[in-house]
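Read the structure below first, then the notes.
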Amino acid sequence: MPFPVTLLRARNRIGLHANSDRVLACAAQVGDVIVPVDHDDVWACDKLAAVTEAFIDDDVALWFSDGILIDAEDRSLGARLWDIVGLDDWALSQIGTADGVRRLLHAATITGGTAAIRANVVPHVLPTPELMIDGSPVFWQDAWMVLIARLLGAVVVDPRPLLGYRRHAGQLSHDENRVTTEAPRSRSAALRRDRWAAALTAARIRRDGAAGWLADDRDLILDLDRFLAARSVASGLPGRRRGILAELRRGAYRRYARGVRTALYDLAMSGRACDVGADQGPGSAESAHR
């Protein structure tokens, strides 16, 4: 290669997240911008030029583009990544807003191979949470990286398909129609996953309090964490009803759910609740999953 290459070899299998974290930490020591690449994907020849131009602005922490799906022989499959994850014009216009933050919390919007982040974001990404809910990680490594970068600076969206995203039977996220393979969730399972996503993100914000989080987005995460914590207290435990009514009074049910309708559902719910109880608050989220 016409540039220096460093190979990192682990003595043992350390897992996807730990391996990715190790590479990120190394890359952050030698460059100003990190552009993840998956071994089975293909970059457009002008991708790095686009990244370089975007990061001239010191406020930019995250860049990402569209991509096309290709097969094992580099043939186009006739689909765009943004179409698969539902990134239409309206959704793209919201990436820099509170709605964009909430979308990234669901962790299925921006594929890591289409993204680039500023290296000074990396200390706040590491370590990637490894919590599993219902057999799937709350955050894949790239989804967590993108979310943290979004909370720390401006975003540049490049509409060009600058990545060929390869689909083949051996890849981790293979599915016939989707980039990810998340199974449909029940209402309680979705609440459980959302609760942990907010708790883990809020815990990282608290851990790195001086990181320079964008104030409005930081406050949104902390507020959403409080709301989901109240919703997740197990049925029958002291304080559940009181917490739900408090969140209703302060408008959280209107901001993050369907208002009184959702509050009444929560008050009436008697089935299995989320696995984050009142005694396991958001401040302990990062240690609780280990």
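To be explicit about the labels: the chains of the structure tokens are called A, B, and onward in the order shown, and within each one the residues are counted from 1, while ligands get numbers from 1 in the order they are shown.
The neighbours of Ala107 in chain A here are the residues that come within 9 Å of it, using only C-alpha atoms and leaving out any residue fewer than 2 positions away in the same chain; they are A:Arg103, A:Leu104, A:Leu105, A:Thr109, A:Ile110, A:Val138, A:Phe139, A:Trp140, A:Asp142, A:Ala143, A:Trp144, A:Val146, A:Leu147, A:Ala197.
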Same residues, N, CA, C and O atoms, saved as a compact mmCIF listing (two decimals), in the first residue's frame:
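part-v7.txt, freshly written:
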# COMPACT_ATOMS: atom_id res chain seq x y z
N ARG A 103 -33.78 8.68 16.80
CA ARG A 103 -33.66 7.66 15.76
C ARG A 103 -32.37 6.87 15.93
O ARG A 103 -32.35 5.64 15.82
N LEU A 104 -31.27 7.56 16.20
CA LEU A 104 -29.99 6.87 16.37
C LEU A 104 -29.98 5.99 17.62
O LEU A 104 -29.24 5.00 17.67
N LEU A 105 -30.78 6.33 18.61
CA LEU A 105 -30.90 5.47 19.78
C LEU A 105 -31.44 4.08 19.41
O LEU A 105 -31.17 3.10 20.09
N THR A 109 -29.76 3.08 11.72
CA THR A 109 -29.90 4.16 10.76
C THR A 109 -28.66 4.35 9.90
O THR A 109 -28.75 4.40 8.68
N ILE A 110 -27.49 4.45 10.51
CA ILE A 110 -26.26 4.75 9.78
C ILE A 110 -25.31 3.56 9.89
O ILE A 110 -24.90 3.18 10.99
N VAL A 138 -27.69 -4.31 22.48
CA VAL A 138 -28.43 -3.05 22.49
C VAL A 138 -27.83 -2.12 21.45
O VAL A 138 -28.55 -1.44 20.70
N PHE A 139 -26.50 -2.08 21.37
CA PHE A 139 -25.80 -1.30 20.36
C PHE A 139 -24.75 -2.15 19.67
O PHE A 139 -23.90 -2.74 20.33
N TRP A 140 -24.81 -2.23 18.34
CA TRP A 140 -23.64 -2.69 17.60
C TRP A 140 -22.58 -1.61 17.72
O TRP A 140 -22.88 -0.43 17.95
N ASP A 142 -20.72 0.02 15.60
CA ASP A 142 -20.78 1.18 14.71
C ASP A 142 -21.96 2.09 15.06
O ASP A 142 -21.85 3.33 14.99
N ALA A 143 -23.08 1.50 15.48
CA ALA A 143 -24.23 2.32 15.86
C ALA A 143 -23.92 3.15 17.10
O ALA A 143 -24.32 4.32 17.19
N TRP A 144 -23.21 2.57 18.06
CA TRP A 144 -22.81 3.31 19.26
C TRP A 144 -21.84 4.43 18.90
O TRP A 144 -21.96 5.56 19.36
N VAL A 146 -21.52 6.04 16.06
CA VAL A 146 -22.23 7.10 15.34
C VAL A 146 -23.06 7.94 16.31
O VAL A 146 -23.08 9.18 16.21
N LEU A 147 -23.75 7.31 17.25
CA LEU A 147 -24.56 8.05 18.21
C LEU A 147 -23.72 8.99 19.04
O LEU A 147 -24.06 10.17 19.21
N ALA A 197 -30.98 1.36 26.07
CA ALA A 197 -30.28 2.26 25.14
C ALA A 197 -30.15 3.65 25.74
O ALA A 197 -29.08 4.27 25.69
**Item:** Residue neighbourhood Gly78 in chain A, 9 Å, only C-alpha atoms, exclusion window fewer than 5 positions, as a PyMOL selection string
**Value:** chain A and resi 68-70
Range 78-166 of chain A near range 44-59 of chain A within 7 Å: what's each residue's closest atom pair and its distance in Å to one decimal, counting only C-alpha atoms, ordered by chain then ascending residue number, as a Markdown table?
| residue | atom | partner | partner_atom | distance |
| --- | --- | --- | --- | --- |
| A:Gly153 | CA | A:Asp59 | CA | 5.8 |
| A:Ala154 | CA | A:Asp59 | CA | 5.7 |
| A:Val156 | CA | A:Ala54 | CA | 6.6 |
| A:Leu162 | CA | A:Ala44 | CA | 4.8 |
| A:Leu163 | CA | A:Ala44 | CA | 5.9 |
Any chance you could export the current selection's C-alpha atoms as a short mmCIF file (atom, residue, chain, number, x, y, z; two decimals), in the first residue's frame?
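Resulting contents of out_38.cif:
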data_model
loop_
_atom_site.label_atom_id
_atom_site.label_comp_id
_atom_site.auth_asym_id
_atom_site.auth_seq_id
_atom_site.Cartn_x
_atom_site.Cartn_y
_atom_site.Cartn_z
CA GLY A 153 -20.75 17.82 17.13
CA ALA A 154 -22.19 18.71 13.77
CA VAL A 156 -22.46 16.30 7.36
CA LEU A 162 -19.98 6.25 -1.83
CA LEU A 163 -19.98 2.68 -0.53
#
**Prompt:** If we count only C-alpha atoms, what is near range 87-101 of chain A at a cut-off of 9 Å, once residues fewer than 6 positions away on the same chain are taken out, given as an NGL selection string?
**Reply:** :A and (81 or 109 or 147 or 150-151 or 154-155 or 157 or 216-217 or 220-221)
**Prompt:** Can you list, as JSON, numbers by chain, every residue of range 42-290 of chain A that DSSP puts in helix (DSSP H, G or I)?
**Reply:** {"A": [47, 48, 49, 50, 51, 52, 53, 54, 81, 82, 83, 84, 85, 89, 90, 91, 92, 93, 98, 99, 100, 101, 102, 103, 104, 105, 112, 113, 114, 119, 120, 121, 122, 123, 124, 125, 141, 142, 143, 144, 145, 146, 147, 148, 149, 150, 151, 152, 187, 188, 189, 190, 191, 192, 193, 194, 195, 196, 197, 198, 199, 200, 201, 202, 203, 204, 205, 206, 207, 215, 216, 217, 218, 219, 220, 221, 222, 223, 224, 225, 226, 227, 228, 229, 230, 231, 240, 241, 242, 243, 244, 245, 246, 247, 248, 249, 252, 253, 254, 255, 256, 260, 261, 262, 263, 264, 265, 266, 267, 268, 282, 283, 284, 285, 286, 287, 288]}
Next, the residues of the selection above should be written as a short mmCIF file (atom, residue, chain, number, x, y, z; two decimals), in the first residue's frame with C-alpha atoms.
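Once written, part14.cif looks like this:
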data_model
loop_
_atom_site.label_atom_id
_atom_site.label_comp_id
_atom_site.auth_asym_id
_atom_site.auth_seq_id
_atom_site.Cartn_x
_atom_site.Cartn_y
_atom_site.Cartn_z
CA LYS A 47 -14.98 8.87 -0.83
CA LEU A 48 -11.89 10.03 1.07
CA ALA A 49 -11.89 13.34 -0.79
CA ALA A 50 -15.49 13.89 0.37
CA VAL A 51 -14.53 13.04 3.95
CA THR A 52 -11.54 15.37 3.87
CA GLU A 53 -13.65 18.26 2.62
CA ALA A 54 -16.33 17.71 5.27
CA LEU A 81 -28.85 1.60 2.01
CA TRP A 82 -30.90 4.67 2.89
CA ASP A 83 -34.00 3.11 1.34
CA ILE A 84 -33.56 -0.02 3.45
CA VAL A 85 -33.22 1.85 6.76
CA ASP A 89 -35.58 13.29 2.71
CA TRP A 90 -37.56 14.14 5.83
CA ALA A 91 -35.60 11.75 8.05
CA LEU A 92 -32.31 13.09 6.70
CA SER A 93 -33.39 16.64 7.46
CA ALA A 98 -33.81 15.80 18.62
CA ASP A 99 -35.75 13.44 16.34
CA GLY A 100 -32.44 12.43 14.79
CA VAL A 101 -30.96 11.61 18.18
CA ARG A 102 -33.94 9.44 19.09
CA ARG A 103 -33.66 7.66 15.76
CA LEU A 104 -29.99 6.87 16.37
CA LEU A 105 -30.90 5.47 19.78
CA GLY A 112 -20.50 2.21 10.10
CA GLY A 113 -18.93 1.58 6.70
CA THR A 114 -20.63 4.71 5.34
CA ALA A 119 -10.65 11.09 16.34
CA ASN A 120 -11.30 13.12 19.49
CA VAL A 121 -14.70 11.42 19.73
CA VAL A 122 -13.09 8.01 20.34
CA PRO A 123 -12.31 8.35 24.08
CA HIS A 124 -16.02 8.93 24.67
CA VAL A 125 -16.99 5.94 22.52
CA GLN A 141 -20.24 -1.04 17.74
CA ASP A 142 -20.78 1.18 14.71
CA ALA A 143 -24.23 2.32 15.86
CA TRP A 144 -22.81 3.31 19.26
CA MET A 145 -19.89 5.14 17.62
CA VAL A 146 -22.23 7.10 15.34
CA LEU A 147 -24.56 8.05 18.21
CA ILE A 148 -21.76 9.35 20.43
CA ALA A 149 -20.28 11.36 17.54
CA ARG A 150 -23.70 12.86 16.81
CA LEU A 151 -24.00 13.99 20.43
CA LEU A 152 -20.61 15.74 20.29
CA ARG A 187 -44.20 -3.93 23.25
CA SER A 188 -42.48 -4.99 26.47
CA ALA A 189 -39.35 -6.12 24.62
CA ALA A 190 -39.17 -2.81 22.76
CA LEU A 191 -39.49 -0.91 26.04
CA ARG A 192 -36.77 -3.04 27.59
CA ARG A 193 -34.39 -2.36 24.73
CA ASP A 194 -35.20 1.38 24.60
CA ARG A 195 -34.74 1.66 28.36
CA TRP A 196 -31.25 0.20 28.20
CA ALA A 197 -30.28 2.26 25.14
CA ALA A 198 -31.19 5.47 26.95
CA ALA A 199 -29.61 4.31 30.22
CA LEU A 200 -26.29 3.36 28.62
CA THR A 201 -26.11 6.63 26.70
CA ALA A 202 -27.01 8.71 29.76
CA ALA A 203 -24.40 6.85 31.80
CA ARG A 204 -21.72 7.70 29.23
CA ILE A 205 -22.76 11.36 29.25
CA ARG A 206 -22.46 11.40 33.04
CA ARG A 207 -19.13 9.60 32.97
CA ALA A 215 -26.42 20.82 25.41
CA ASP A 216 -29.90 20.30 23.96
CA ASP A 217 -29.14 16.71 22.95
CA ARG A 218 -27.50 15.92 26.29
CA ASP A 219 -30.58 17.20 28.10
CA LEU A 220 -32.83 15.18 25.81
CA ILE A 221 -31.00 11.93 26.60
CA LEU A 222 -31.07 12.57 30.35
CA ASP A 223 -34.76 13.49 30.23
CA LEU A 224 -35.64 10.43 28.14
CA ASP A 225 -33.63 8.24 30.52
CA ARG A 226 -35.67 9.53 33.45
CA PHE A 227 -38.94 8.88 31.60
CA LEU A 228 -38.04 5.33 30.57
CA ALA A 229 -36.77 4.56 34.07
CA ALA A 230 -40.18 5.45 35.49
CA ARG A 231 -41.95 3.32 32.86
CA ARG A 240 -44.34 2.64 40.10
CA ARG A 241 -47.72 4.40 40.03
CA ARG A 242 -46.26 7.52 41.60
CA GLY A 243 -43.43 7.65 39.07
CA ILE A 244 -45.76 7.24 36.08
CA LEU A 245 -48.06 10.01 37.31
CA ALA A 246 -45.06 12.29 37.90
CA GLU A 247 -43.85 11.75 34.33
CA LEU A 248 -47.35 12.43 33.03
CA ARG A 249 -47.55 15.69 34.97
CA ALA A 252 -42.80 13.39 29.37
CA TYR A 253 -45.58 11.10 28.13
CA ARG A 254 -46.59 13.79 25.66
CA ARG A 255 -43.00 14.36 24.48
CA TYR A 256 -41.92 10.74 24.11
CA VAL A 260 -52.37 9.99 28.43
CA ARG A 261 -53.08 6.90 26.32
CA THR A 262 -49.63 5.44 26.99
CA ALA A 263 -49.73 6.48 30.65
CA LEU A 264 -53.02 4.64 31.15
CA TYR A 265 -51.56 1.56 29.49
CA ASP A 266 -48.57 1.67 31.84
CA LEU A 267 -50.77 2.10 34.88
CA ALA A 268 -52.88 -0.87 33.85
CA PRO A 282 -29.43 4.90 35.05
CA GLY A 283 -26.28 5.98 36.86
CA SER A 284 -25.32 2.32 37.28
CA ALA A 285 -26.18 1.22 33.75
CA GLU A 286 -22.64 0.72 32.50
CA SER A 287 -21.55 -1.35 35.47
CA ALA A 288 -24.83 -3.26 35.73
#
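In this comparison, which uses only C-alpha atoms, the residue of A:Leu24, A:Val33, A:Ile133, A:Ala18 approaching Ile117 in chain A most closely is A:Val33.
Going from CA of Pro36 in chain A to CA of Ala72 in chain A covers 20.2 Å.
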**Request:** Pick out the closest residue to Leu16 in chain A from this set: A:Ala210, A:Arg166, A:Arg250, A:Pro137. Count only C-alpha atoms.
**Result:** A:Pro137
**Message:** Residues near Pro161 in chain A, anyone? I mean within 7 Å using only C-alpha atoms, not counting same-chain ones fewer than 5 positions away, as JSON, numbers by chain.
**Reply:** {"A": [65, 66, 67, 68]}
Output C-alpha atoms for every residue in the selection just made, as a PDB file, in the first residue's frame.
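Once everything was written out, this is out-v7.pdb:
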ATOM      1  CA  SER A  65     -23.067   8.905   2.931  1.00  0.00           C
ATOM      2  CA  ASP A  66     -25.500   6.651   1.156  1.00  0.00           C
ATOM      3  CA  GLY A  67     -24.438   3.315  -0.311  1.00  0.00           C
ATOM      4  CA  ILE A  68     -25.546   0.698  -2.794  1.00  0.00           C
TER       5      ILE A  68
END
**Message:** I need the residues of range 112-172 of chain A that end up classed as strand (DSSP E or B) by DSSP on the backbone, written out as a VMD selection string.
**Reply:** chain A and resid 115 to 118 132 to 133 136 to 137 154 to 166
**Request:** Determine the nearest neighbour of Ala116 in chain A from the options A:Ala211, A:Ala27, A:Leu62, A:Ala10, counting only C-alpha atoms.
**Result:**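 Using only C-alpha atoms, Ala116 in chain A sits closest to A:Leu62.
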**Request:** Enter the distance from CA of Met1 in chain A to CA of Tyr165 in chain A, in Å, rounded to one decimal.
**Result:** 22.4 Å
**Request:** For CA of Ala25 in chain A and CA of Arg9 in chain A, quote the distance in Å rounded to one decimal.
**Result:**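 According to the coordinates, CA of Ala25 in chain A and CA of Arg9 in chain A are separated by 14.1 Å.
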**Complete:** Counting only C-alpha atoms, the residue among A:Val60, A:Val42, A:Gly239, A:Leu126 that lies closest to Ala28 in chain A is A:Leu126
